[in-house]
Amino acid sequence: AGAKKVYHQAIAPTRSIISPELQLISQLQNISDPALKGILSNKLALALAKNLRVTCEIAQKITLDPRVTQLDMVRLLSIFMDNAIEAAYQVNKGCLDFAFFEQFIVIRNSTKYEKIELQLLDKVGYTTKNSQGHGYGLANVSAILRDYPFISLNTSSSHYIFQQELIITGGYQDEHCYFRR
């Protein structure tokens with residue numbers, strides 16, 4: 001009776017959270033950099049805790065290009081993921097999709113806006129949120145990317161979907177690296 005009680009009170013309620021989380025986090029095994037793996041693990045777990053529908057695809061081994069600092073890549077991913085989670089959380093049955101491919105990273109999320117005015121996004125202080133203290137993340141992204149002319153950012157918004165795509169060109173040659181020529 002005691003074991004049943006512990007199971008129903010402590011273990012059973014976490015089963016639905018642990019299973020999708022473990023499934024998503026298992027995708028992270030292909031990322032060799034521990035800091036990138038850690039930030040993505042944290043952000044994906046946060047998205048699941050907020051009851052977002054989350055998908056993650058990292059089908060091949062990913063190694064950080066030595067031309068990009070670990071700190072800058074962590075900052076970029078953190079900003080993109082935080083923004084995506086916040087936006088998707090404002091939507092009933094919000095979703096977040098994350099994919100890390102050979103030469104690009106895609107973060108897509110649902111949004112409460114049919115279309116966001118993209119030209120305003122990298123202006124310091126601009127935000128689609130209804131609170132103060134926001135509006136610096138994407139301006140910081142623009143500042144970081146100025147140091148990396150081989151990385152471009154494509155942003156799109158339509159039909160209540162917002163997407164950020166980091167594209168890395170001409171770079172580091174390693175058979176296990178997404179930064180290839």
# chains A, B, ... in the order shown; residues from 1 in each chain; ligands from 1
>>> residues_around(residues="region 40-49 of chain A", least_positions_apart="6", cutoff="9 Å", atoms="only C-alpha atoms", output="list in words")
Ile17, Pro20, Glu21, Leu24, Ile25, Leu28, Thr55, Cys56, Val74, Leu77, Ser78, Met81, Asp82, Ile85, Glu86, Ala88, Tyr89, Cys95, Leu96 and Phe98 of chain A
>>> residues_around(residues="Ile167 (chain A)", least_positions_apart="4", cutoff="10 Å", atoms="only C-alpha atoms", output="MDAnalysis selection string")
chainID A and resid 101:106 150:154 179
>>> closest_residue(among="A:Lys93, A:Lys37, A:Lys50, A:Arg75", to="Ile62 (chain A)", atoms="only C-alpha atoms")
A:Lys37
>>> residues_around(residues="Ile79 (chain A)", least_positions_apart="4", cutoff="8 Å", atoms="only C-alpha atoms", output="short mmCIF file (atom, residue, chain, number, x, y, z; two decimals) with N, CA, C and O atoms, in the first residue's frame")
data_model
loop_
_atom_site.label_atom_id
_atom_site.label_comp_id
_atom_site.auth_asym_id
_atom_site.auth_seq_id
_atom_site.Cartn_x
_atom_site.Cartn_y
_atom_site.Cartn_z
N ARG A 75 25.24 32.23 -26.17
CA ARG A 75 24.40 33.42 -26.06
C ARG A 75 23.36 33.47 -27.18
O ARG A 75 22.19 33.77 -26.92
N ASN A 83 13.33 33.54 -26.47
CA ASN A 83 12.30 34.25 -27.21
C ASN A 83 11.23 33.30 -27.76
O ASN A 83 10.03 33.59 -27.69
N GLY A 137 17.32 41.30 -26.59
CA GLY A 137 17.87 40.02 -27.07
C GLY A 137 18.27 40.03 -28.53
O GLY A 137 19.42 39.71 -28.86
N LEU A 138 17.35 40.39 -29.42
CA LEU A 138 17.68 40.34 -30.84
C LEU A 138 18.63 41.46 -31.25
O LEU A 138 19.40 41.31 -32.20
N VAL A 141 21.81 39.88 -30.53
CA VAL A 141 22.12 38.92 -31.60
C VAL A 141 22.79 39.65 -32.76
O VAL A 141 23.82 39.20 -33.28
#
>>> atom_distance(atom1="CA of Arg108 (chain A)", atom2="CA of Gln29 (chain A)")
21.1 Å
>>> closest_residue(among="A:Ser157, A:Asn30, A:Ile168, A:Glu57", to="Glu117 (chain A)", atoms="only C-alpha atoms")
A:Ser157
